[in-house]
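Chemist: So that you have it, the file is run-v4.tsv, and it contains TSV, C-alpha atoms and all ligand atoms:
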chain	number	residue	atom	x	y	z
A	4	MET	CA	0.00	0.00	0.00
A	5	ILE	CA	1.21	3.51	-0.84
A	6	ILE	CA	0.41	6.14	1.78
A	7	THR	CA	1.30	9.81	1.34
A	8	PHE	CA	1.13	12.33	4.17
A	9	ILE	CA	0.11	15.79	3.02
A	10	CYS	CA	0.68	19.19	4.61
A	11	THR	CA	1.52	22.65	3.28
A	12	GLY	CA	5.30	23.04	3.16
A	13	ASN	CA	6.45	19.44	3.78
A	14	THR	CA	9.06	20.71	6.26
A	15	CYS	CA	7.31	20.22	9.66
A	16	ARG	CA	4.25	18.01	10.12
A	17	SER	CA	4.14	15.59	7.21
A	18	PRO	CA	7.84	14.54	7.43
A	19	VAL	CA	7.32	13.69	11.12
A	20	ALA	CA	4.20	11.65	10.27
A	21	GLU	CA	6.03	9.95	7.38
A	22	GLY	CA	9.03	9.05	9.56
A	23	ILE	CA	7.01	7.63	12.45
A	24	PHE	CA	4.55	5.72	10.23
A	25	LYS	CA	7.39	4.23	8.18
A	26	LYS	CA	8.85	2.88	11.41
A	27	MET	CA	5.45	1.49	12.45
A	28	HIS	CA	4.85	-0.07	9.01
A	29	PRO	CA	8.03	-0.91	7.11
A	30	GLU	CA	5.86	-3.05	4.80
A	31	TYR	CA	4.03	0.02	3.38
A	32	ASP	CA	5.44	2.54	0.93
A	33	VAL	CA	5.19	5.80	2.88
A	34	TYR	CA	5.84	9.29	1.46
A	35	SER	CA	5.06	12.89	2.30
A	36	ALA	CA	4.52	15.98	0.17
A	37	GLY	CA	3.36	19.58	0.43
A	38	LEU	CA	0.48	21.25	-1.39
A	39	ASN	CA	2.24	24.60	-1.44
A	40	THR	CA	5.98	24.08	-1.48
A	41	VAL	CA	9.08	23.71	-3.63
A	42	PHE	CA	11.68	20.96	-3.94
A	43	GLY	CA	14.65	20.79	-1.62
A	44	MET	CA	13.93	22.79	1.57
A	45	ASN	CA	15.41	21.27	4.71
A	46	VAL	CA	13.09	19.83	7.34
A	47	SER	CA	12.79	22.16	10.37
A	48	GLU	CA	15.29	21.52	13.17
A	49	ASN	CA	12.58	21.33	15.82
A	50	SER	CA	10.77	18.63	13.82
A	51	VAL	CA	13.98	16.60	13.67
A	52	ILE	CA	14.35	16.85	17.47
A	53	ALA	CA	10.66	16.09	18.12
A	54	ALA	CA	10.74	13.03	15.84
A	55	LYS	CA	13.75	11.66	17.77
A	56	ASP	CA	11.43	11.12	20.78
A	57	TYR	CA	9.80	8.39	18.64
A	58	GLY	CA	13.11	6.84	17.62
A	59	VAL	CA	13.01	8.34	14.14
A	60	ASP	CA	15.72	10.30	12.31
A	61	ILE	CA	14.20	12.60	9.69
A	62	SER	CA	17.22	14.92	9.38
A	63	GLY	CA	17.83	13.87	5.76
A	64	HIS	CA	14.34	14.82	4.61
A	65	VAL	CA	13.92	17.62	2.06
A	66	SER	CA	10.62	19.08	0.93
A	67	ARG	CA	8.78	18.10	-2.22
A	68	PRO	CA	5.52	19.23	-3.81
A	69	LEU	CA	2.82	16.69	-4.62
A	70	SER	CA	3.81	15.45	-8.08
A	71	LYS	CA	1.50	14.08	-10.77
A	72	GLU	CA	3.17	10.67	-10.32
A	73	LEU	CA	2.56	10.58	-6.57
A	74	LEU	CA	-0.99	11.81	-7.13
A	75	MET	CA	-1.68	8.81	-9.35
A	76	ALA	CA	0.23	6.20	-7.38
A	77	THR	CA	-0.93	6.98	-3.85
A	78	ASP	CA	-3.59	4.67	-2.42
A	79	LEU	CA	-4.38	6.83	0.61
A	80	PHE	CA	-3.61	10.50	1.20
A	81	VAL	CA	-3.36	11.23	4.91
A	82	CYS	CA	-3.87	14.97	5.33
A	83	LEU	CA	-2.50	16.86	8.31
A	84	SER	CA	-5.47	19.22	8.29
A	85	GLN	CA	-9.05	19.42	7.08
A	86	SER	CA	-8.16	22.21	4.64
A	87	HIS	CA	-5.59	20.00	2.88
A	88	ALA	CA	-8.27	17.32	2.60
A	89	MET	CA	-10.75	19.82	1.12
A	90	GLN	CA	-8.19	20.78	-1.54
A	91	LEU	CA	-7.43	17.18	-2.47
A	92	MET	CA	-10.90	15.63	-2.43
A	93	PRO	CA	-12.23	17.15	-5.68
A	94	LEU	CA	-9.11	15.87	-7.41
A	95	VAL	CA	-8.74	12.35	-6.06
A	96	GLY	CA	-12.14	11.56	-4.53
A	97	LYS	CA	-13.29	11.30	-0.93
A	98	GLY	CA	-12.33	7.64	-0.69
A	99	ARG	CA	-8.59	8.29	-0.98
A	100	VAL	CA	-8.45	11.11	1.56
A	101	TYR	CA	-8.13	10.77	5.36
A	102	VAL	CA	-7.59	13.49	7.94
A	103	LEU	CA	-5.09	12.67	10.70
A	104	GLY	CA	-6.58	12.97	14.19
A	105	ASN	CA	-8.80	16.03	14.31
A	106	GLY	CA	-6.34	17.83	12.07
A	107	ILE	CA	-2.93	18.83	13.40
A	108	SER	CA	-2.26	22.56	13.73
A	109	ASP	CA	0.84	23.97	12.05
A	110	PRO	CA	3.77	24.39	14.54
A	111	TYR	CA	5.73	26.47	11.99
A	112	GLY	CA	7.92	29.04	13.78
A	113	GLY	CA	6.88	27.81	17.25
A	114	SER	CA	9.03	26.73	20.20
A	115	LEU	CA	10.44	23.21	20.61
A	116	ASP	CA	7.63	22.47	23.10
A	117	ILE	CA	5.06	23.30	20.44
A	118	TYR	CA	6.80	20.97	17.98
A	119	LYS	CA	6.95	18.23	20.61
A	120	SER	CA	3.26	18.49	21.39
A	121	CYS	CA	2.56	18.52	17.64
A	122	ALA	CA	4.60	15.29	17.27
A	123	LYS	CA	2.59	13.73	20.13
A	124	GLU	CA	-0.67	14.70	18.37
A	125	ILE	CA	0.68	13.19	15.16
A	126	TYR	CA	1.67	9.98	16.97
A	127	ASP	CA	-1.79	9.62	18.55
A	128	GLY	CA	-3.35	10.28	15.14
A	129	LEU	CA	-1.17	7.57	13.59
A	130	LEU	CA	-2.32	5.02	16.19
A	131	LYS	CA	-5.91	5.84	15.24
A	132	LEU	CA	-5.05	5.66	11.53
A	133	ASP	CA	-3.68	2.19	12.18
A	134	GLU	CA	-7.01	1.14	13.72
A	135	ASP	CA	-9.05	2.85	10.99
A	136	LEU	CA	-7.04	1.16	8.24
A	137	LYS	CA	-8.71	-2.10	9.33
A	138	THR	CA	-12.10	-0.85	8.10
A	139	LEU	CA	-11.23	1.88	5.64
A	140	PRO	CA	-11.62	1.08	1.92
A	141	VAL	CA	-8.28	1.64	0.23
A	142	ILE	CA	-8.54	2.25	-3.51
A	143	ARG	CA	-5.54	0.77	-5.30
A	144	PRO	CA	-4.60	-0.94	-8.58
A	145	MET	CA	-5.71	-4.58	-8.91
A	146	THR	CA	-2.98	-7.22	-8.55
A	147	GLU	CA	-2.84	-10.98	-9.21
A	148	GLU	CA	-3.67	-11.63	-5.53
A	149	ASP	CA	-6.98	-9.80	-5.96
A	150	ILE	CA	-8.26	-11.88	-8.90
A	151	LYS	CA	-10.09	-14.47	-6.77
A	152	GLY	CA	-11.91	-11.79	-4.75
A	153	VAL	CA	-12.84	-9.79	-7.84
A	154	ALA	CA	-14.15	-12.93	-9.58
A	155	GLU	CA	-16.30	-13.68	-6.52
A	156	LEU	CA	-17.66	-10.14	-6.63
A	157	GLU	CA	-18.44	-10.56	-10.34
A	158	LYS	CA	-20.41	-13.74	-9.52
A	159	GLU	CA	-22.31	-11.94	-6.76
A	160	CYS	CA	-23.29	-9.03	-9.03
A	161	PHE	CA	-23.69	-10.24	-12.61
A	162	ALA	CA	-25.52	-12.99	-14.52
A	163	SER	CA	-22.56	-13.38	-16.93
A	164	PRO	CA	-19.58	-12.82	-14.65
A	165	TRP	CA	-15.98	-12.41	-15.83
A	166	SER	CA	-13.91	-15.51	-15.07
A	167	GLU	CA	-10.68	-15.49	-13.06
A	168	LYS	CA	-8.84	-16.19	-16.32
A	169	SER	CA	-10.36	-13.19	-18.14
A	170	LEU	CA	-9.62	-10.91	-15.21
A	171	SER	CA	-6.08	-12.23	-14.98
A	172	GLU	CA	-5.53	-11.56	-18.68
A	173	GLU	CA	-6.33	-7.90	-18.12
A	174	LEU	CA	-3.30	-7.64	-15.83
A	175	GLU	CA	-1.19	-8.41	-18.91
A	176	ASN	CA	-3.09	-5.91	-21.05
A	177	GLY	CA	-1.12	-2.66	-21.20
A	178	ASN	CA	-4.29	-0.71	-21.99
A	179	ALA	CA	-6.29	-2.03	-19.04
A	180	TYR	CA	-6.55	-0.19	-15.73
A	181	PHE	CA	-8.37	-2.06	-13.00
A	182	PHE	CA	-8.73	-0.74	-9.44
A	183	VAL	CA	-10.05	-2.43	-6.31
A	184	ALA	CA	-11.48	-1.16	-3.05
A	185	ASP	CA	-9.65	-3.16	-0.40
A	186	ILE	CA	-10.98	-3.29	3.14
A	187	SER	CA	-8.35	-4.98	5.26
A	188	GLY	CA	-7.64	-7.55	2.56
A	189	GLU	CA	-11.26	-8.07	1.49
A	190	ILE	CA	-12.26	-6.97	-2.02
A	191	ALA	CA	-15.26	-4.69	-1.39
A	192	GLY	CA	-15.50	-3.35	-4.93
A	193	TYR	CA	-13.74	-2.92	-8.22
A	194	ILE	CA	-13.74	-0.98	-11.49
A	195	GLY	CA	-12.22	-2.01	-14.82
A	196	THR	CA	-11.33	0.35	-17.66
A	197	ILE	CA	-9.57	-0.03	-21.00
A	198	SER	CA	-8.05	3.04	-22.68
A	199	VAL	CA	-7.25	2.92	-26.39
A	200	PHE	CA	-6.62	5.88	-28.73
A	201	GLY	CA	-8.08	8.45	-26.37
A	202	GLU	CA	-11.23	6.44	-25.64
A	203	CYS	CA	-11.64	4.90	-22.20
A	204	SER	CA	-14.28	2.15	-21.82
A	205	VAL	CA	-15.54	1.16	-18.40
A	206	THR	CA	-15.78	-2.62	-18.58
A	207	ASN	CA	-17.45	-2.95	-15.19
A	208	ILE	CA	-17.95	-1.51	-11.76
A	209	ALA	CA	-19.34	-3.38	-8.76
A	210	VAL	CA	-19.49	-3.12	-5.00
A	211	LYS	CA	-20.34	-5.96	-2.58
A	212	GLU	CA	-23.91	-5.61	-1.40
A	213	LYS	CA	-22.96	-5.23	2.27
A	214	TYR	CA	-20.66	-2.29	1.43
A	215	ARG	CA	-23.05	-0.35	-0.84
A	216	ASN	CA	-24.18	3.23	-0.27
A	217	LYS	CA	-20.94	4.12	1.49
A	218	GLY	CA	-19.36	5.98	-1.42
A	219	ILE	CA	-17.11	3.12	-2.57
A	220	ALA	CA	-18.29	3.14	-6.21
A	221	SER	CA	-17.86	6.91	-6.23
A	222	SER	CA	-14.25	6.55	-5.07
A	223	LEU	CA	-13.55	3.87	-7.67
A	224	LEU	CA	-15.11	5.90	-10.47
A	225	GLN	CA	-13.24	9.02	-9.37
A	226	ARG	CA	-9.97	7.07	-9.46
A	227	ALA	CA	-10.75	5.78	-12.96
A	228	ILE	CA	-11.62	9.30	-14.17
A	229	LEU	CA	-8.38	10.69	-12.73
A	230	ASN	CA	-6.43	7.89	-14.40
A	231	SER	CA	-8.12	8.64	-17.71
A	232	VAL	CA	-7.32	12.36	-17.40
A	233	TYR	CA	-3.72	11.41	-16.62
A	234	LEU	CA	-3.63	9.25	-19.78
A	235	ASP	CA	-4.90	12.26	-21.74
A	236	ASP	CA	-8.03	10.39	-22.92
A	237	ASP	CA	-10.69	12.38	-24.77
A	238	PHE	CA	-13.70	10.68	-23.22
A	239	ILE	CA	-14.98	7.80	-21.11
A	240	THR	CA	-17.77	5.58	-22.38
A	241	LEU	CA	-19.86	2.80	-20.87
A	242	GLU	CA	-23.05	0.79	-21.26
A	243	VAL	CA	-25.62	0.26	-18.55
A	244	ARG	CA	-28.85	-1.71	-18.34
A	245	LYS	CA	-31.85	0.59	-18.79
A	246	SER	CA	-33.31	-0.70	-15.52
A	247	ASN	CA	-30.12	-0.18	-13.45
A	248	THR	CA	-31.23	2.92	-11.56
A	249	PRO	CA	-28.39	2.92	-8.96
A	250	ALA	CA	-25.68	2.74	-11.65
A	251	ILE	CA	-27.38	5.32	-13.90
A	252	SER	CA	-27.70	7.68	-10.96
A	253	LEU	CA	-24.00	7.13	-10.11
A	254	TYR	CA	-22.88	7.91	-13.66
A	255	GLU	CA	-25.09	11.00	-13.96
A	256	LYS	CA	-23.73	12.25	-10.64
A	257	PHE	CA	-20.25	12.13	-12.18
A	258	GLY	CA	-21.31	14.08	-15.28
A	259	PHE	CA	-21.84	11.18	-17.72
A	260	ARG	CA	-24.47	11.99	-20.35
A	261	LYS	CA	-26.80	9.62	-22.18
A	262	MET	CA	-25.64	9.38	-25.81
A	263	GLY	CA	-27.77	6.55	-27.23
A	264	GLU	CA	-28.99	2.99	-26.83
A	265	ARG	CA	-27.98	-0.52	-27.86
A	266	LYS	CA	-30.92	-2.87	-28.52
A	267	ASN	CA	-30.85	-6.21	-26.69
A	268	PHE	CA	-27.27	-5.60	-25.57
A	269	TYR	CA	-27.60	-7.64	-22.39
A	270	ARG	CA	-28.50	-11.30	-21.80
A	271	LEU	CA	-29.96	-13.08	-18.75
A	272	PRO	CA	-32.33	-11.23	-18.90
A	273	THR	CA	-32.28	-9.66	-22.33
A	274	GLU	CA	-32.37	-5.91	-22.02
A	275	ASP	CA	-31.39	-2.77	-23.91
A	276	ALA	CA	-28.40	-0.71	-22.82
A	277	TYR	CA	-27.99	3.01	-22.57
A	278	ILE	CA	-24.66	4.38	-23.74
A	279	TYR	CA	-23.25	7.03	-21.44
A	280	ASN	CA	-20.21	9.23	-22.16
A	281	LYS	CA	-18.19	11.67	-20.13
A	282	TYR	CA	-16.04	14.12	-22.11
A	283	LEU	CA	-12.75	15.06	-20.48
A	284	LYS	CA	-11.68	17.93	-22.74
A	285	GLY	CA	-14.81	20.02	-22.96
A	286	ASP	CA	-18.21	19.17	-24.43
A	287	SER	CA	-18.59	17.06	-27.59
A	288	GLU	CA	-21.28	19.38	-28.96
A	301	LIG	N1	-30.59	3.91	-5.76
A	301	LIG	C1	-30.36	5.05	-6.47
A	301	LIG	N2	-29.13	5.59	-6.63
A	301	LIG	C2	-28.08	4.96	-6.07
A	301	LIG	C3	-28.24	3.77	-5.31
A	301	LIG	C4	-29.55	3.25	-5.16
A	301	LIG	N3	-29.79	2.12	-4.50
A	301	LIG	N4	-27.02	3.36	-4.89
A	301	LIG	C5	-26.12	4.27	-5.37
A	301	LIG	N5	-26.77	5.22	-6.07
A	301	LIG	C6	-26.17	6.36	-6.78
A	301	LIG	C7	-26.46	7.67	-6.08
A	301	LIG	O1	-26.46	8.69	-7.06
A	301	LIG	C8	-25.27	7.79	-5.17
A	301	LIG	O2	-25.01	9.12	-4.83
A	301	LIG	P1	-25.58	9.70	-3.43
A	301	LIG	O3	-24.97	8.81	-2.36
A	301	LIG	O4	-25.06	11.09	-3.41
A	301	LIG	O5	-27.05	9.57	-3.52
A	301	LIG	C9	-24.18	7.30	-6.11
A	301	LIG	O6	-24.77	6.21	-6.80
A	301	LIG	C10	-22.89	6.87	-5.43
A	301	LIG	O7	-23.18	5.90	-4.45
A	301	LIG	P2	-22.04	4.94	-3.91
A	301	LIG	O8	-22.29	4.68	-2.48
A	301	LIG	O9	-20.72	5.46	-4.31
A	301	LIG	O10	-22.35	3.61	-4.76
A	301	LIG	P3	-22.17	2.12	-4.26
A	301	LIG	O11	-20.84	1.94	-3.64
A	301	LIG	O12	-23.33	1.69	-3.48
A	301	LIG	O13	-22.18	1.32	-5.68
A	301	LIG	C11	-23.14	0.38	-7.67
A	301	LIG	C12	-23.09	1.59	-6.72
A	301	LIG	C13	-24.04	0.69	-8.85
A	301	LIG	C14	-21.75	0.08	-8.21
A	301	LIG	C15	-23.66	-0.84	-6.84
A	301	LIG	O14	-25.03	-0.65	-6.60
A	301	LIG	C16	-23.46	-2.18	-7.49
A	301	LIG	O15	-22.40	-2.81	-7.36
A	301	LIG	N6	-24.46	-2.70	-8.24
A	301	LIG	C17	-24.35	-4.00	-8.87
A	301	LIG	C18	-23.38	-4.00	-10.02
A	301	LIG	C19	-23.79	-3.02	-11.11
A	301	LIG	O16	-24.95	-2.91	-11.46
A	301	LIG	N7	-22.80	-2.34	-11.71
A	301	LIG	C20	-23.01	-1.37	-12.75
A	301	LIG	C21	-22.81	-2.02	-14.07
A	301	LIG	S1	-23.14	-0.89	-15.40
Represent the supplied structure as structure tokens.
Modeler:
Amino acid sequence: MIITFICTGNTCRSPVAEGIFKKMHPEYDVYSAGLNTVFGMNVSENSVIAAKDYGVDISGHVSRPLSKELLMATDLFVCLSQSHAMQLMPLVGKGRVYVLGNGISDPYGGSLDIYKSCAKEIYDGLLKLDEDLKTLPVIRPMTEEDIKGVAELEKECFASPWSEKSLSEELENGNAYFFVADISGEIAGYIGTISVFGECSVTNIAVKEKYRNKGIASSLLQRAILNSVYLDDDFITLEVRKSNTPAISLYEKFGFRKMGERKNFYRLPTEDAYIYNKYLKGDSE
């Protein structure tokens, strides 16, 4: 899992959080970045001293802004304040954004005591994050280990489900981008897309019944849209059963517009499909 801590300058709070969480979870890829910073500023001296109380040496850290690459790769953005979260959410979706503790106030320019109490707040927030990670859906790219869970989800949701083999083949397909919602190792949902020559097709989206109406499909769709923007696609297209009110409502919420129909597109039961498109570079008309 890739976790990125986010603050403003990436010289005080987020490097401390990064350092301590890395120590707690060497198995995760942990980074930090600032929303309003430049490359290469040294971490503040007081932060270095405060982090030492937790057995962590962050003296080598230098600031970095949130890059396009990190924006795409990060599974969970842990924001050091609510305002950072508000800035990120429209871009990456609610499901990939988490606020540490109740938000940690900026110690910038304060005394060592202020930095130490900030580090304590961060530490307490990280313990809670650890607990919350057990139930939080993490949106991340699908891997081979997920295939079984995704195939089970397909069986639960569709009359003609994709097989494990077909899903596995998509991992080898350079044009396919599949993402899962992982709740502590359980596949709660997934979305599949294929991007070719500027056109992104959503092959499927599904969420386990027990996890529905919690915003998981929204987070998955948001991730797929962001990925498509990153790939410089022109538009995203999909088909949906005419009777599938929840899915139609989801797509319309994300700005997809009905473009046409396909007669008898679906089997078991036979049903027409609506075609929905979302244009990523301005309107088609
Ligand atoms: N009735 C009407 N609209 C619904 C709905 C329902 N039962 N469930 C979700 N929506 C719409 C709403 O617009 C909702 O926005 P809101 O919460 O602001 O009202 C929006 O979808 C997002 O809801 P979210 O919680 O993110 O969706 P979800 O995680 O419950 O998943 C589906 C939605 C469609 C993916 C899910 O119902 C599902 O897996 N269905 C079976 C598989 C399927 O039909 N896939 C679509 C194939 S085209």
Chemist: What residues have any atom no more than 7 Å from ligand LIG 301 (chain A) when counting only C-alpha atoms and all ligand atoms, and can you list them as a PyMOL selection string?
Modeler: chain A and resi 160-161+207-212+214-222+242-244+247-250+252-253+256
Chemist: Could you work out an axis-aligned box for segment 173-186 of chain A, taking every atom the file lists and adding 3 Å on each side, and report centre and edge lengths in Å to one decimal, as AutoDock Vina command-line options?
Modeler:
--center_x -6.3 --center_y -4.3 --center_z -9.4 --size_x 16.4 --size_y 14.2 --size_z 31.1
Chemist: Suppose you want the space between atom CA of Glu72 of chain A and atom CA of Ser84 of chain A; what is it in Å?
Modeler: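 Atom-to-atom, atom CA of Glu72 of chain A to atom CA of Ser84 of chain A, that is 22.2 Å.
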Chemist: Would you please work out which residue, of A:Gly263, A:Gly104, A:Ile150, A:Lys97, is nearest to Glu134 of chain A when using all atoms listed in the file?
Modeler: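 The answer is A:Gly104, which sits nearest to Glu134 of chain A.
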Chemist: Could you check the closest approach to Thr146 of chain A for each of A:Ser171, A:Leu132, A:Asn280, A:Phe257 and tell me which residue wins, using all atoms listed in the file?
Modeler: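 Among A:Ser171, A:Leu132, A:Asn280, A:Phe257, it is A:Ser171 that comes nearest to Thr146 of chain A.
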Chemist: Give me the residues near Arg260 of chain A as a PyMOL selection string, where near means some atom within 9 Å (using all atoms listed in the file) and where sequence neighbours in that chain fewer than 6 positions away do not count.
Modeler: chain A and resi 254+278-282
Chemist: I'd like the interatomic distance between atom CA of His64 of chain A and atom CA of Leu38 of chain A, to a tenth of an Å.
Modeler: 16.4 Å
Chemist: (-7.2, 16.6, -4.3) in this file's frame - what residues fall within 12 Å of it? Use all atoms listed in the file and give the answer as a ChimeraX atom specification.
Modeler: /A:9,37-38,69-71,73-75,77,79-82,85-101,225-226,229
Chemist: Compile the contact shell of Val183 of chain A as a ChimeraX atom specification: residues with an atom at most 12 Å away, counting all atoms listed in the file, same-chain residues fewer than 2 positions apart removed.
Modeler: /A:78,98,140-150,152-154,156,180-181,185-196,207-211,219-220,222-224,226-227
Chemist: Keeping only C-alpha atoms, write the selected residues to a file as an mmCIF file, in the frame of the given file.
Modeler:
data_model
loop_
_atom_site.group_PDB
_atom_site.id
_atom_site.type_symbol
_atom_site.label_atom_id
_atom_site.label_comp_id
_atom_site.auth_asym_id
_atom_site.auth_seq_id
_atom_site.Cartn_x
_atom_site.Cartn_y
_atom_site.Cartn_z
ATOM 1 C CA ASP A 78 -3.590 4.670 -2.420
ATOM 2 C CA GLY A 98 -12.330 7.640 -0.690
ATOM 3 C CA PRO A 140 -11.620 1.080 1.920
ATOM 4 C CA VAL A 141 -8.280 1.640 0.230
ATOM 5 C CA ILE A 142 -8.540 2.250 -3.510
ATOM 6 C CA ARG A 143 -5.540 0.770 -5.300
ATOM 7 C CA PRO A 144 -4.600 -0.940 -8.580
ATOM 8 C CA MET A 145 -5.710 -4.580 -8.910
ATOM 9 C CA THR A 146 -2.980 -7.220 -8.550
ATOM 10 C CA GLU A 147 -2.840 -10.980 -9.210
ATOM 11 C CA GLU A 148 -3.670 -11.630 -5.530
ATOM 12 C CA ASP A 149 -6.980 -9.800 -5.960
ATOM 13 C CA ILE A 150 -8.260 -11.880 -8.900
ATOM 14 C CA GLY A 152 -11.910 -11.790 -4.750
ATOM 15 C CA VAL A 153 -12.840 -9.790 -7.840
ATOM 16 C CA ALA A 154 -14.150 -12.930 -9.580
ATOM 17 C CA LEU A 156 -17.660 -10.140 -6.630
ATOM 18 C CA TYR A 180 -6.550 -0.190 -15.730
ATOM 19 C CA PHE A 181 -8.370 -2.060 -13.000
ATOM 20 C CA ASP A 185 -9.650 -3.160 -0.400
ATOM 21 C CA ILE A 186 -10.980 -3.290 3.140
ATOM 22 C CA SER A 187 -8.350 -4.980 5.260
ATOM 23 C CA GLY A 188 -7.640 -7.550 2.560
ATOM 24 C CA GLU A 189 -11.260 -8.070 1.490
ATOM 25 C CA ILE A 190 -12.260 -6.970 -2.020
ATOM 26 C CA ALA A 191 -15.260 -4.690 -1.390
ATOM 27 C CA GLY A 192 -15.500 -3.350 -4.930
ATOM 28 C CA TYR A 193 -13.740 -2.920 -8.220
ATOM 29 C CA ILE A 194 -13.740 -0.980 -11.490
ATOM 30 C CA GLY A 195 -12.220 -2.010 -14.820
ATOM 31 C CA THR A 196 -11.330 0.350 -17.660
ATOM 32 C CA ASN A 207 -17.450 -2.950 -15.190
ATOM 33 C CA ILE A 208 -17.950 -1.510 -11.760
ATOM 34 C CA ALA A 209 -19.340 -3.380 -8.760
ATOM 35 C CA VAL A 210 -19.490 -3.120 -5.000
ATOM 36 C CA LYS A 211 -20.340 -5.960 -2.580
ATOM 37 C CA ILE A 219 -17.110 3.120 -2.570
ATOM 38 C CA ALA A 220 -18.290 3.140 -6.210
ATOM 39 C CA SER A 222 -14.250 6.550 -5.070
ATOM 40 C CA LEU A 223 -13.550 3.870 -7.670
ATOM 41 C CA LEU A 224 -15.110 5.900 -10.470
ATOM 42 C CA ARG A 226 -9.970 7.070 -9.460
ATOM 43 C CA ALA A 227 -10.750 5.780 -12.960
#
Chemist: If we count all atoms listed in the file and set the cut-off at 7 Å, which residues sit around segment 10-17 of chain A, ignoring sequence neighbours fewer than 4 positions away in its own chain? Please answer as a PDB file with C-alpha atoms, in the frame of the given file.
Modeler:
ATOM      1  CA  GLU A  21       6.030   9.950   7.380  1.00  0.00           C
ATOM      2  CA  SER A  35       5.060  12.890   2.300  1.00  0.00           C
ATOM      3  CA  ALA A  36       4.520  15.980   0.170  1.00  0.00           C
ATOM      4  CA  GLY A  37       3.360  19.580   0.430  1.00  0.00           C
ATOM      5  CA  LEU A  38       0.480  21.250  -1.390  1.00  0.00           C
ATOM      6  CA  ASN A  39       2.240  24.600  -1.440  1.00  0.00           C
ATOM      7  CA  THR A  40       5.980  24.080  -1.480  1.00  0.00           C
ATOM      8  CA  ASN A  45      15.410  21.270   4.710  1.00  0.00           C
ATOM      9  CA  VAL A  46      13.090  19.830   7.340  1.00  0.00           C
ATOM     10  CA  SER A  47      12.790  22.160  10.370  1.00  0.00           C
ATOM     11  CA  SER A  50      10.770  18.630  13.820  1.00  0.00           C
ATOM     12  CA  SER A  66      10.620  19.080   0.930  1.00  0.00           C
ATOM     13  CA  ARG A  67       8.780  18.100  -2.220  1.00  0.00           C
ATOM     14  CA  CYS A  82      -3.870  14.970   5.330  1.00  0.00           C
ATOM     15  CA  LEU A  83      -2.500  16.860   8.310  1.00  0.00           C
ATOM     16  CA  HIS A  87      -5.590  20.000   2.880  1.00  0.00           C
ATOM     17  CA  TYR A 111       5.730  26.470  11.990  1.00  0.00           C
TER      18      TYR A 111
END
Chemist: Between atom CA of Leu103 of chain A and atom CA of Gly128 of chain A, measure the distance and give it in Å to one decimal.
Modeler: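 Answer for the atom CA of Leu103 of chain A to atom CA of Gly128 of chain A separation: 5.3 Å.
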Chemist: Residues at most 8 Å from Val51 of chain A, counting all atoms listed in the file, excluding those fewer than 4 positions away in the same chain, as a list in words?
Modeler: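 Close residues of Val51 of chain A: Val19, Val46, Ser47, Lys55, Asp60, Ile61 and Ser62 of chain A.
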Chemist: Output the selection as a PDB file, in the frame of the given file - C-alpha atoms for each residue.
Modeler:
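Dumped everything to selection31.pdb:
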ATOM      1  CA  VAL A  19       7.320  13.690  11.120  1.00  0.00           C
ATOM      2  CA  VAL A  46      13.090  19.830   7.340  1.00  0.00           C
ATOM      3  CA  SER A  47      12.790  22.160  10.370  1.00  0.00           C
ATOM      4  CA  LYS A  55      13.750  11.660  17.770  1.00  0.00           C
ATOM      5  CA  ASP A  60      15.720  10.300  12.310  1.00  0.00           C
ATOM      6  CA  ILE A  61      14.200  12.600   9.690  1.00  0.00           C
ATOM      7  CA  SER A  62      17.220  14.920   9.380  1.00  0.00           C
TER       8      SER A  62
END
Chemist: Could you tell me which of A:Leu283, A:Val102, A:Ala54, A:Met4 comes closest to Asp135 of chain A if we count all atoms listed in the file?
Modeler: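 Comparing A:Leu283, A:Val102, A:Ala54, A:Met4 against Asp135 of chain A, the winner is A:Val102.
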